[in-house]
Protein chains: 2
Amino acid sequence: MNQIQIDKTFLRRFRPDTRYLIGVSGGRDSVTLLHWLVERGYKKLIVCHLNHQLRGRSSDADARFVEKFAAKYDVDLEMGSAKVRALAAKQKMSVETAARDARYKFFAKIARRRRCRTVFLAHHADDLVETFLINLFRGAGTSGLSAMREVSNRRIGDIDLTIVRPFLGAWRREIDRYVGKHRLKFREDASNKNLGPLRNRVRRRVIPYLEKTLGRNIRQSIRRAALIAAEEENWIQDQLPDATDVDSAAVAASAEEALTVAKLRDSAVALQRRAILQWLRARKITNIGFDVVESVRSLLDQDAGAAKINLPQDRHVRRRAGKIFLE
Amino acid sequence: MNQIQIDKTFLRRFRPDTRYLIGVSGGRDSVTLLHWLVERGYKKLIVCHLNHQLRGRSSDADARFVEKFAAKYDVDLEMGSAKVRALAAKQKMSVETAARDARYKFFAKIARRRRCRTVFLAHHADDLVETFLINLFRGAGTSGLSAMREVSNRRIGDIDLTIVRPFLGAWRREIDRYVGKHRLKFREDASNKNLGPLRNRVRRRVIPYLEKTLGRNIRQSIRRAALIAAEEENWIQDQLPDATDVDSAAVAASAEEALTVAKLRDSAVALQRRAILQWLRARKITNIGFDVVESVRSLLDQDAGAAKINLPQDRHVRRRAGKIFLE
């Protein structure tokens, strides 16, 4: 009773006597995760808090709250700070995306300094469902639909982070009950301060509407679809032939490298799409939609009239002598 | 102008001078498809109409309408009839599912008699989006999320049908415009008579709500996700190792065949799930949810306490001597 019900099998890999980073905003979810891990005997945690400077004094108060909290639990603390709004403007991305990027960079910095590559994050099943829907409404493929997993890897610069989300199987409601039972204090706005308008609408309007209209536990269903998609994505990534494994740092560095038409044309359409997407991303072409990928893919057809495709940011992709180049 | 914009590349495989079946309910979409194909020079069409007997005289009037329509276009006609409501009750399935099953059996019967294995169906992009959402809300994985493709194969008994959906890239609105331009007559309720309550709610309430709330063309986004999922599903199916290819008629016939634990345990989780799902389906275990698959999958863990899993319909799955059996 009043326990958070989660599948702990995958946690066996992460023994309590080892050192881990944990992302703590000061909000309900991350405060709960810290308490839950400490209760389970995780003693060598390093609390990582990034001040996003989005809410002025309130952000500073979040930082002081996390400071006290870490002291109370007698765990290490690493604080950082980023001008997220300026970053967002400069990189032309949403505040939510800029905040996430800044956090991962911060985690990577601490991971290197403290020689600890594993980060615990407090994402739960409701976050998973929201993210799935948001990606769906943006037109993402399977890889977008399966963005969150219990254990995943993320490369930030030259640091390979392992991200662990122990709460991904638990619902927000269970976390609320845990908070109530243990009378945990938290900063009300801390975890919501970076919510984009789309996530807000999905959380506060779309999901409640779907539950009301469809009269069934649709969050549960969407969670299942997301988990299945995650495993399939895992597996597809493992199957990607070397020829299309252009996501590696080595290939990303060789900016002049081209895709070989003949090789790619023999692949399944799903693989072609992934190879093209990764190849463009590795070359810093961002905001790549389905249409762009399909345009580039049309170059694989030797009979196709056009041998040049216009990309955003005034870049081009061209087919010449059986290769596809970025210009 | 007033043309249905579709990618006709995949249609090249289906030359106009060959014989094809076409499913015609008498509703707006199928009437349009027939007109569109005839205009494109498809002369050897065999109109297939199944009377579902769901609306009494109205169903009979649909049949007479299709009869006249086929005569007007000078194409062949095959009529059939099924007591769908009784089938649904007997098989304990929804009327929508029973109607679809009955139609496919009817197509298979005509396919054998007329020696013609390809069926044209009038599903369009709005159908695709609705089906995607319905499967999502039911908790389907990628294979469910990608149910409709422009060209797909479906085995009915010992008949392999090829299903072609030329309109899958077109929206209902485009079909409406085409109907208006060519002043096509159709039976108002014919294509909607088998709509389940869930599909009705998704079509008439959920999708309009999502479009209003999210202020973007979310149907377009969902369509993209469904198309990507379809290609990935295609590819995953091609990759399934023989050991797990238990969907073939040969293996389905050998009802005593067991899954080999050691073999399956070495596969990716995504593959394990698919293999188990297909194995159960081949053994006529229907209504298999994610939970059932996960329970059976837990038998792969030799350390797991339970070696027996209860299934619906009073069936069981048991692990014994490194094999998984159905009892």
# chains A, B, ... in the order shown; residues from 1 in each chain; ligands from 1
$ residues_around --residues "Asp126 (chain B)" --least-positions-apart "3" --cutoff "7 Å" --atoms "only C-alpha atoms" --output "list in words"
Val129, Glu130, Trp171 and Arg172 of chain B
$ closest_atom_pairs --of "chain B" --to "chain A" --cutoff "8 Å" --atoms "only C-alpha atoms" --output "JSON lines"
{"residue": "B:Leu136", "atom": "CA", "partner": "A:Ile222", "partner_atom": "CA", "distance": 6.0}
{"residue": "B:Phe137", "atom": "CA", "partner": "A:Ile218", "partner_atom": "CA", "distance": 5.4}
{"residue": "B:Arg138", "atom": "CA", "partner": "A:Ser221", "partner_atom": "CA", "distance": 5.5}
{"residue": "B:Gly139", "atom": "CA", "partner": "A:Ser221", "partner_atom": "CA", "distance": 3.8}
{"residue": "B:Ala140", "atom": "CA", "partner": "A:Ala225", "partner_atom": "CA", "distance": 5.5}
{"residue": "B:Gly141", "atom": "CA", "partner": "A:Ala225", "partner_atom": "CA", "distance": 4.8}
{"residue": "B:Thr142", "atom": "CA", "partner": "A:Ala229", "partner_atom": "CA", "distance": 6.1}
{"residue": "B:Leu198", "atom": "CA", "partner": "A:Leu214", "partner_atom": "CA", "distance": 7.3}
{"residue": "B:Arg201", "atom": "CA", "partner": "A:Leu214", "partner_atom": "CA", "distance": 7.5}
{"residue": "B:Val206", "atom": "CA", "partner": "A:Leu210", "partner_atom": "CA", "distance": 7.2}
{"residue": "B:Leu210", "atom": "CA", "partner": "A:Val206", "partner_atom": "CA", "distance": 7.2}
{"residue": "B:Thr213", "atom": "CA", "partner": "A:Val206", "partner_atom": "CA", "distance": 7.6}
{"residue": "B:Leu214", "atom": "CA", "partner": "A:Leu198", "partner_atom": "CA", "distance": 7.3}
{"residue": "B:Ile218", "atom": "CA", "partner": "A:Phe137", "partner_atom": "CA", "distance": 5.4}
{"residue": "B:Gln220", "atom": "CA", "partner": "A:Gly139", "partner_atom": "CA", "distance": 7.4}
{"residue": "B:Ser221", "atom": "CA", "partner": "A:Gly139", "partner_atom": "CA", "distance": 3.7}
{"residue": "B:Ile222", "atom": "CA", "partner": "A:Gly139", "partner_atom": "CA", "distance": 5.7}
{"residue": "B:Arg223", "atom": "CA", "partner": "A:Gly139", "partner_atom": "CA", "distance": 7.5}
{"residue": "B:Arg224", "atom": "CA", "partner": "A:Gly139", "partner_atom": "CA", "distance": 5.4}
{"residue": "B:Ala225", "atom": "CA", "partner": "A:Gly141", "partner_atom": "CA", "distance": 4.8}
{"residue": "B:Ala226", "atom": "CA", "partner": "A:Gly141", "partner_atom": "CA", "distance": 7.7}
{"residue": "B:Ile228", "atom": "CA", "partner": "A:Gly141", "partner_atom": "CA", "distance": 5.4}
{"residue": "B:Ala229", "atom": "CA", "partner": "A:Thr142", "partner_atom": "CA", "distance": 6.1}
{"residue": "B:Glu231", "atom": "CA", "partner": "A:Ala270", "partner_atom": "CA", "distance": 5.2}
{"residue": "B:Glu232", "atom": "CA", "partner": "A:Ala270", "partner_atom": "CA", "distance": 5.0}
{"residue": "B:Trp235", "atom": "CA", "partner": "A:Ala268", "partner_atom": "CA", "distance": 6.2}
{"residue": "B:Ile236", "atom": "CA", "partner": "A:Ile236", "partner_atom": "CA", "distance": 7.9}
{"residue": "B:Ala268", "atom": "CA", "partner": "A:Trp235", "partner_atom": "CA", "distance": 6.2}
{"residue": "B:Val269", "atom": "CA", "partner": "A:Glu231", "partner_atom": "CA", "distance": 6.2}
{"residue": "B:Ala270", "atom": "CA", "partner": "A:Glu232", "partner_atom": "CA", "distance": 5.0}
{"residue": "B:Leu271", "atom": "CA", "partner": "A:Glu232", "partner_atom": "CA", "distance": 7.9}
{"residue": "B:Phe290", "atom": "CA", "partner": "A:Arg224", "partner_atom": "CA", "distance": 7.1}
$ closest_residue --among "B:Tyr73, B:Phe186, B:Phe132, B:Phe167" --to "Arg203 (chain B)" --atoms "only C-alpha atoms"
B:Phe132
$ select_by_dssp --residues "region 44-117 of chain A" --states "strand (DSSP E)" --output "ChimeraX atom specification"
/A:45-51,76-81
$ closest_residue --among "B:Gly80, B:Gly27, B:Gly157, B:Pro166" --to "Val119 (chain B)" --atoms "only C-alpha atoms"
B:Pro166
